[in-house]
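J.: Structure below; questions to follow.
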Amino acid sequence: MAIFRARRVLWRSFSTVSSHPLRVCIVGSGPAGFYTAEKILKTHQGSQVDIIDRLPTPYGLVRSGVAPDHPETKNVINQFSRVAQNGRCSFFGNVALGSSISLVELRELYHVVVLAYGAESDRVVGIPGEDLKGVHSAREFVWWYNGHPDGRNLDPDLKNTDTAVILGQGNVALDVARILLRPTSELAITDIASHALTALEQSSIRKVYLVGRRGPVQAACTAKELREVLGIKDLYIHIKETDLKITPADEEEMKNSRIHRRIYELLSKAATAGPSRPSSGQRELHFVFFRQPDRFLESYDKKGYVSGVHLEKTGLKGIGSGKQIAIGTGQFENLSCGIVLKSIGYKSVPVDDLPFDNQKGVVPNVKGRVLSDNSGDPTSFENGLYVCGWLKRGPTGIIATNLYCAEETVASLSEDLELGVLASTTRLPKLGRDGLLQILDNRNVRVVPFSAWERIDKEEKRLGSLRNKPREKLTSWEELLKVAGSE
Ligand SMILES: Cc1cc2nc3c(=O)[nH]c(=O)nc-3n(C[C@H](O)[C@H](O)[C@H](O)COP(=O)(O)OP(=O)(O)OC[C@H]3O[C@@H](n4cnc5c(N)ncnc54)[C@H](O)[C@@H]3O)c2cc1C
Ligand SMILES: NC(=O)c1ccc[n+]([C@@H]2O[C@H](COP(=O)([O-])OP(=O)(O)OC[C@H]3O[C@@H](n4cnc5c(N)ncnc54)[C@H](OP(=O)(O)O)[C@@H]3O)[C@@H](O)[C@H]2O)c1
């Protein structure tokens, strides 16, 4: 308590000596960006917070990641929009760090820059055939069905095959499987992009294989999401009973993780619950364990297109601390399919002048303070530069995880302000918002403020109401900017 009071006094003394407000720019308007903004506005009275996003629409993966049939998860948007409407906060969409404005410029304009621009690329498997047509990342597929303007042209071929292979068994893999297998009448009343709904209505995919390189005890999904996919109406589930055999090491893993035990129990139950064969025309979901991709196979008839995955059987090897990794056995088999969705994780991308750990795909940081390089020296920080969310921790964690992540980053920022670490920057008045808008205007960047997003929001809801959907997303840059610009 005493420390808390002392800190408050220190902060008050900072704000009374500086005659100008603390100007903060947050890059990215996903959960990490909005939770950071909320916390800064609350903690630092008088601060001004600008959030920029490369899209004309806010909310990051809450809009373009969370599955359309999970509307309740998107309610967090109400909280974020209240933050954007705070008189000391502004949202500027259609402003991309890297192309509209550089990091160096932002750091000149603001006392503090917090990077929260997520992970917009993919981990690669790194095996032959990965660039064959029909091999997509789950990120691209999710952007496509969620109406992200950069995902609109994916046009996955769901008509010329009855089989899809999904690599990975995390929650994104389960989302993708559910969208492929769920009756389209149930998707039609969600905010799924209309181009995706049409393609899914015409889809000939009947079999989906979810391929994991480890076993049922190690599957990366969570119980609620697994239960949901197992509960899809009229779906045949196949799990090999031999894959369910467990070792003492598996037992140990389950003892240490209730989630893993629950997943294993659900899979074991599903393996025996249903009929032993699918009925005619029934959709099928196959869980394939202990298989890692070795190469993607090219079709003989359709050159350049994928026709299957060459899989290597694996076994598990303990590496200490209770963790087991997949090891190839040298035995192989083919799994035929006409489309592959790689759901093995997202990856962040660097921008110029930003220290970046290419190996981990994150900005090197200590509790959100950006480190000057990857040399391992944990004492050399970039003054006034912070990071939050997937760009800080890597591409894992649910929406709420970013709340704790933002609290940690803002605590570091507050501590630096209190201790005078940022004095060389915060002593000076900064142009902030006015300077940003001036540069963007000089470059003819069409900024989309929150009021213009509200126009998009209203129009999407209006279009949705015509089709009994909560919203009909505008899915092209042209449409989005047109509606944003209409008074
Ligand atoms: C497919 C999928 C489904 C998910 N479903 C759920 C779920 O149901 N429930 C749940 O709790 N969690 C879910 N999650 C996890 C959750 O979405 C993430 O934890 C969270 O969105 C990460 O927040 P973030 O702010 O770090 O990144 P993001 O949400 O990705 O936000 C990053 C923002 O930065 C912007 N940006 C990117 N590059 C730039 C740039 N150069 N300049 C300016 N702006 C830029 C992007 O447009 C985006 O708005 C899901 C994740 C995925 C991938
Ligand atoms: N409804 C929800 O709450 C929801 C929905 C979607 C996403 N999310 C969250 O978003 C985060 C990201 O999800 P995610 O599914 O993208 O990631 P994830 O949970 O990390 O799962 C990645 C999967 O890919 C596998 N994998 C990784 N590298 C591989 C390789 N080289 N070859 C084969 N397989 C490989 C992993 O297997 P190993 O385990 O063997 O590494 C794992 O099965 C997670 O925290 C997730 O919980 C939540």
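Identifiers for the structure tokens are assigned positionally: chains receive A, B, ... in sequence, residues are indexed from 1 per chain, and ligands are indexed from 1 in the order shown.
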I'd like the contact shell of Tyr209 of chain A - 7 Å cut-off, only C-alpha atoms, skipping same-chain residues fewer than 2 positions apart - returned as an NGL selection string.

T.: :A and (164-166 or 207 or 211 or 285-288)

J.: Any idea what's packed within 10 Å of Arg446 of chain A, counting only C-alpha atoms, ignoring anything in its chain fewer than 2 positions away? Could you give it as a list in words?

T.: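 Within the cut-off, the hits are Pro56, Phe92, Gly93, Asn94, Val95, Ser100, Leu437, Leu440, Asp441, Arg443, Asn444, Val448, Pro449, Leu481, Ala484 and Gly485 of chain A.
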
J.: Given the selection you just returned, output its residues as a file containing C-alpha atoms, formatted as a short mmCIF file (atom, residue, chain, number, x, y, z; two decimals), in the first residue's frame.

T.:
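Here's the written file selection17.cif:
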```cif
data_model
loop_
_atom_site.label_atom_id
_atom_site.label_comp_id
_atom_site.auth_asym_id
_atom_site.auth_seq_id
_atom_site.Cartn_x
_atom_site.Cartn_y
_atom_site.Cartn_z
CA PRO A 56 -10.61 0.84 -41.93
CA PHE A 92 -7.50 6.30 -37.01
CA GLY A 93 -8.15 3.44 -39.41
CA ASN A 94 -6.57 2.88 -42.82
CA VAL A 95 -3.21 3.94 -41.37
CA SER A 100 1.51 5.18 -44.22
CA LEU A 437 -2.74 13.90 -39.28
CA LEU A 440 -0.95 11.55 -43.40
CA ASP A 441 -2.66 14.41 -45.18
CA ARG A 443 0.72 11.66 -48.15
CA ASN A 444 -2.91 11.53 -49.21
CA VAL A 448 -10.90 6.53 -41.25
CA PRO A 449 -11.85 7.99 -37.83
CA LEU A 481 -13.67 3.23 -47.85
CA ALA A 484 -16.55 5.32 -44.51
CA GLY A 485 -16.37 8.43 -46.69
#
```

J.: Could you name the residues that touch segment 114-117 of chain A at 7 Å or less, counting only C-alpha atoms, but leaving out those on the same chain fewer than 5 positions away, as a PDB file with N, CA and C atoms, in the first residue's frame?

T.:
```pdb
ATOM      1  N   CYS A  25       0.798   6.755 -28.804  1.00  0.00           N
ATOM      2  CA  CYS A  25       0.230   6.143 -30.003  1.00  0.00           C
ATOM      3  C   CYS A  25       0.277   4.627 -29.849  1.00  0.00           C
ATOM      4  N   ILE A  26      -0.864   3.990 -30.073  1.00  0.00           N
ATOM      5  CA  ILE A  26      -0.924   2.525 -30.034  1.00  0.00           C
ATOM      6  C   ILE A  26      -1.127   2.036 -31.465  1.00  0.00           C
ATOM      7  N   VAL A  27      -0.297   1.098 -31.887  1.00  0.00           N
ATOM      8  CA  VAL A  27      -0.407   0.582 -33.250  1.00  0.00           C
ATOM      9  C   VAL A  27      -1.130  -0.759 -33.199  1.00  0.00           C
ATOM     10  N   GLY A  28      -2.344  -0.795 -33.745  1.00  0.00           N
ATOM     11  CA  GLY A  28      -3.142  -2.028 -33.739  1.00  0.00           C
ATOM     12  C   GLY A  28      -4.348  -1.868 -32.832  1.00  0.00           C
ATOM     13  N   ALA A  32      -5.252  -6.415 -27.693  1.00  0.00           N
ATOM     14  CA  ALA A  32      -4.062  -5.878 -27.012  1.00  0.00           C
ATOM     15  C   ALA A  32      -4.058  -4.359 -27.085  1.00  0.00           C
ATOM     16  N   GLY A  33      -4.374  -3.808 -28.255  1.00  0.00           N
ATOM     17  CA  GLY A  33      -4.386  -2.361 -28.431  1.00  0.00           C
ATOM     18  C   GLY A  33      -5.445  -1.708 -27.557  1.00  0.00           C
ATOM     19  N   LEU A 385       9.363   2.983 -26.177  1.00  0.00           N
ATOM     20  CA  LEU A 385       8.758   2.000 -27.098  1.00  0.00           C
ATOM     21  C   LEU A 385       8.367   0.731 -26.337  1.00  0.00           C
ATOM     22  N   TYR A 386       7.099   0.335 -26.489  1.00  0.00           N
ATOM     23  CA  TYR A 386       6.561  -0.813 -25.749  1.00  0.00           C
ATOM     24  C   TYR A 386       5.824  -1.737 -26.716  1.00  0.00           C
ATOM     25  N   VAL A 387       5.515  -2.934 -26.235  1.00  0.00           N
ATOM     26  CA  VAL A 387       4.862  -3.919 -27.097  1.00  0.00           C
ATOM     27  C   VAL A 387       3.837  -4.690 -26.272  1.00  0.00           C
ATOM     28  N   CYS A 388       2.798  -5.162 -26.941  1.00  0.00           N
ATOM     29  CA  CYS A 388       1.732  -5.884 -26.224  1.00  0.00           C
ATOM     30  C   CYS A 388       1.064  -6.897 -27.155  1.00  0.00           C
ATOM     31  N   GLY A 389       0.436  -7.909 -26.571  1.00  0.00           N
ATOM     32  CA  GLY A 389      -0.373  -8.867 -27.342  1.00  0.00           C
ATOM     33  C   GLY A 389       0.470  -9.925 -28.041  1.00  0.00           C
ATOM     34  N   LEU A 391       2.211  -9.809 -30.656  1.00  0.00           N
ATOM     35  CA  LEU A 391       3.527  -9.333 -31.099  1.00  0.00           C
ATOM     36  C   LEU A 391       4.540  -9.412 -29.955  1.00  0.00           C
TER      37      LEU A 391
END
```

J.: Just want the 8 Å neighbourhood of Gly46 of chain A, counted on only C-alpha atoms, with same-chain residues fewer than 5 positions away dropped. Output as a ChimeraX atom specification.

T.: /A:21-22,41,88

J.: For the residues selected in the previous step, produce a file with C-alpha atoms as a short mmCIF file (atom, residue, chain, number, x, y, z; two decimals), in the first residue's frame.

T.:
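Produced file result.cif, reproduced below:
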```cif
data_model
loop_
_atom_site.label_atom_id
_atom_site.label_comp_id
_atom_site.auth_asym_id
_atom_site.auth_seq_id
_atom_site.Cartn_x
_atom_site.Cartn_y
_atom_site.Cartn_z
CA PRO A 21 -0.17 15.97 -21.96
CA LEU A 22 1.43 12.57 -22.31
CA LEU A 41 -6.47 6.31 -20.06
CA ARG A 88 -9.03 11.51 -24.78
#
```

J.: Kindly indicate which residue among A:Thr163, A:Asn402, A:Gln292, A:Ser375 lies nearest to ligand 1, using only C-alpha atoms and all ligand atoms for the distances.

T.: A:Asn402

J.: Ligand 1: which residues are within 8 Å, counting only C-alpha atoms and all ligand atoms, as a PyMOL selection string?

T.: chain A and resi 27-34+52-55+57-62+64-67+70+73+94-99+116-120+138-139+142+171-172+175+346+351+388-392+395-402

J.: Fewer than 6 positions away in the same chain doesn't count, so skip those; otherwise give me all residues within 7 Å of Pro293 of chain A, counting only C-alpha atoms, as a ChimeraX atom specification.

T.: /A:309-312

J.: Of the candidates A:Val176, A:Leu335, A:Leu297, A:Ala271, which one gets nearest to ligand 2 if we count only C-alpha atoms and all ligand atoms?

T.: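 Ranking A:Val176, A:Leu335, A:Leu297, A:Ala271 by distance to ligand 2, first place goes to A:Val176.
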
J.: Can you tell me which residues surround Asp157 of chain A at a distance of at most 8 Å, considering only C-alpha atoms, apart from same-chain residues fewer than 2 positions away, and format the answer as a list of chain:residue names?

T.: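 Skipping anything fewer than 2 positions along the chain leaves A:Gly134, A:Asp155, A:Lys159, A:Asn160, A:Thr161, A:Ile339.
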
J.: Counting only C-alpha atoms, what is within 7 Å of Tyr145 of chain A, bar same-chain residues fewer than 6 positions away, as a list in words?

T.: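 In the requested format, the answer is Ile192, Ala193 and Ala196 of chain A.
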
J.: Return as a list in words the full set of residues in segment 359-398 of chain A whose backbone-based DSSP assignment is helix (DSSP H, G or I).

T.: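 Residues meeting the helix (DSSP H, G or I) criterion: Trp390, Leu391, Lys392 and Arg393 of chain A.
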
J.: What gap, in Å, lies between atom CA of Arg63 of chain A and atom CA of Lys473 of chain A?

T.: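 Going from atom CA of Arg63 of chain A over to atom CA of Lys473 of chain A covers 9.8 Å.
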
J.: Can you tell me, as a ChimeraX atom specification, which residues in segment 161-358 of chain A count as strand (DSSP E or B) by DSSP?

T.: /A:163-167,207-211,235-239,283-288,291-298,305-318,324-336,339-342,346-347,357

J.: Those residues with C-alpha atoms, as a PDB file, in the first residue's frame please?

T.:
```pdb
ATOM      1  CA  THR A 163     -11.680 -34.301 -48.677  1.00  0.00           C
ATOM      2  CA  ALA A 164      -9.894 -31.569 -46.724  1.00  0.00           C
ATOM      3  CA  VAL A 165      -6.829 -32.057 -44.527  1.00  0.00           C
ATOM      4  CA  ILE A 166      -6.211 -29.651 -41.671  1.00  0.00           C
ATOM      5  CA  LEU A 167      -2.714 -29.719 -40.182  1.00  0.00           C
ATOM      6  CA  LYS A 207     -14.479 -35.621 -45.061  1.00  0.00           C
ATOM      7  CA  VAL A 208     -12.206 -33.520 -42.898  1.00  0.00           C
ATOM      8  CA  TYR A 209      -8.980 -34.925 -41.399  1.00  0.00           C
ATOM      9  CA  LEU A 210      -7.535 -33.108 -38.394  1.00  0.00           C
ATOM     10  CA  VAL A 211      -3.898 -34.167 -38.278  1.00  0.00           C
ATOM     11  CA  LEU A 235     -21.497 -35.845 -38.102  1.00  0.00           C
ATOM     12  CA  TYR A 236     -19.620 -39.157 -38.116  1.00  0.00           C
ATOM     13  CA  ILE A 237     -16.529 -39.011 -35.871  1.00  0.00           C
ATOM     14  CA  HIS A 238     -13.594 -41.326 -36.356  1.00  0.00           C
ATOM     15  CA  ILE A 239     -10.760 -41.801 -33.862  1.00  0.00           C
ATOM     16  CA  ARG A 283     -20.161 -35.795 -43.250  1.00  0.00           C
ATOM     17  CA  GLU A 284     -17.090 -37.196 -41.492  1.00  0.00           C
ATOM     18  CA  LEU A 285     -14.486 -35.820 -39.123  1.00  0.00           C
ATOM     19  CA  HIS A 286     -11.347 -37.918 -38.655  1.00  0.00           C
ATOM     20  CA  PHE A 287      -8.887 -37.196 -35.854  1.00  0.00           C
ATOM     21  CA  VAL A 288      -5.482 -38.410 -36.995  1.00  0.00           C
ATOM     22  CA  ARG A 291       1.464 -38.065 -37.960  1.00  0.00           C
ATOM     23  CA  GLN A 292       3.679 -35.211 -39.158  1.00  0.00           C
ATOM     24  CA  PRO A 293       3.668 -33.786 -42.683  1.00  0.00           C
ATOM     25  CA  ASP A 294       6.685 -34.803 -44.752  1.00  0.00           C
ATOM     26  CA  ARG A 295       5.711 -33.328 -48.136  1.00  0.00           C
ATOM     27  CA  PHE A 296       2.658 -32.212 -50.058  1.00  0.00           C
ATOM     28  CA  LEU A 297       1.817 -34.374 -53.059  1.00  0.00           C
ATOM     29  CA  GLU A 298       1.209 -32.937 -56.511  1.00  0.00           C
ATOM     30  CA  TYR A 305      -2.309 -28.648 -57.565  1.00  0.00           C
ATOM     31  CA  VAL A 306      -2.164 -30.565 -54.308  1.00  0.00           C
ATOM     32  CA  SER A 307      -3.556 -34.099 -54.235  1.00  0.00           C
ATOM     33  CA  GLY A 308      -2.530 -35.233 -50.768  1.00  0.00           C
ATOM     34  CA  VAL A 309      -0.066 -35.168 -47.919  1.00  0.00           C
ATOM     35  CA  HIS A 310       2.793 -37.594 -47.384  1.00  0.00           C
ATOM     36  CA  LEU A 311       2.758 -38.162 -43.625  1.00  0.00           C
ATOM     37  CA  GLU A 312       5.405 -39.622 -41.372  1.00  0.00           C
ATOM     38  CA  LYS A 313       4.294 -41.660 -38.376  1.00  0.00           C
ATOM     39  CA  THR A 314       5.633 -40.319 -35.105  1.00  0.00           C
ATOM     40  CA  GLY A 315       6.289 -41.428 -31.574  1.00  0.00           C
ATOM     41  CA  LEU A 316       6.698 -39.314 -28.472  1.00  0.00           C
ATOM     42  CA  LYS A 317       9.920 -38.558 -26.650  1.00  0.00           C
ATOM     43  CA  GLY A 318      10.145 -36.936 -23.221  1.00  0.00           C
ATOM     44  CA  GLN A 324       6.919 -34.859 -24.869  1.00  0.00           C
ATOM     45  CA  ILE A 325       7.786 -34.003 -28.466  1.00  0.00           C
ATOM     46  CA  ALA A 326       7.036 -35.808 -31.737  1.00  0.00           C
ATOM     47  CA  ILE A 327       9.850 -37.842 -33.300  1.00  0.00           C
ATOM     48  CA  GLY A 328       9.592 -39.287 -36.817  1.00  0.00           C
ATOM     49  CA  THR A 329       9.659 -43.103 -37.033  1.00  0.00           C
ATOM     50  CA  GLY A 330      10.728 -43.358 -40.676  1.00  0.00           C
ATOM     51  CA  GLN A 331       7.394 -44.983 -41.617  1.00  0.00           C
ATOM     52  CA  PHE A 332       5.254 -43.082 -44.102  1.00  0.00           C
ATOM     53  CA  GLU A 333       1.768 -43.111 -45.588  1.00  0.00           C
ATOM     54  CA  ASN A 334      -0.238 -40.935 -47.972  1.00  0.00           C
ATOM     55  CA  LEU A 335      -3.444 -39.134 -47.177  1.00  0.00           C
ATOM     56  CA  SER A 336      -5.310 -38.044 -50.318  1.00  0.00           C
ATOM     57  CA  ILE A 339      -7.333 -29.016 -50.169  1.00  0.00           C
ATOM     58  CA  VAL A 340      -4.944 -28.538 -47.241  1.00  0.00           C
ATOM     59  CA  LEU A 341      -5.345 -25.947 -44.498  1.00  0.00           C
ATOM     60  CA  LYS A 342      -2.192 -25.465 -42.443  1.00  0.00           C
ATOM     61  CA  TYR A 346       0.408 -17.478 -36.853  1.00  0.00           C
ATOM     62  CA  LYS A 347       3.586 -15.380 -37.050  1.00  0.00           C
ATOM     63  CA  ASP A 357      13.442 -11.879 -33.043  1.00  0.00           C
TER      64      ASP A 357
END
```

J.: Which residue gives the smallest distance to ligand 2 among A:Pro71, A:Gly168, A:Pro275, A:Pro248, with only C-alpha atoms and all ligand atoms counted?

T.: A:Gly168
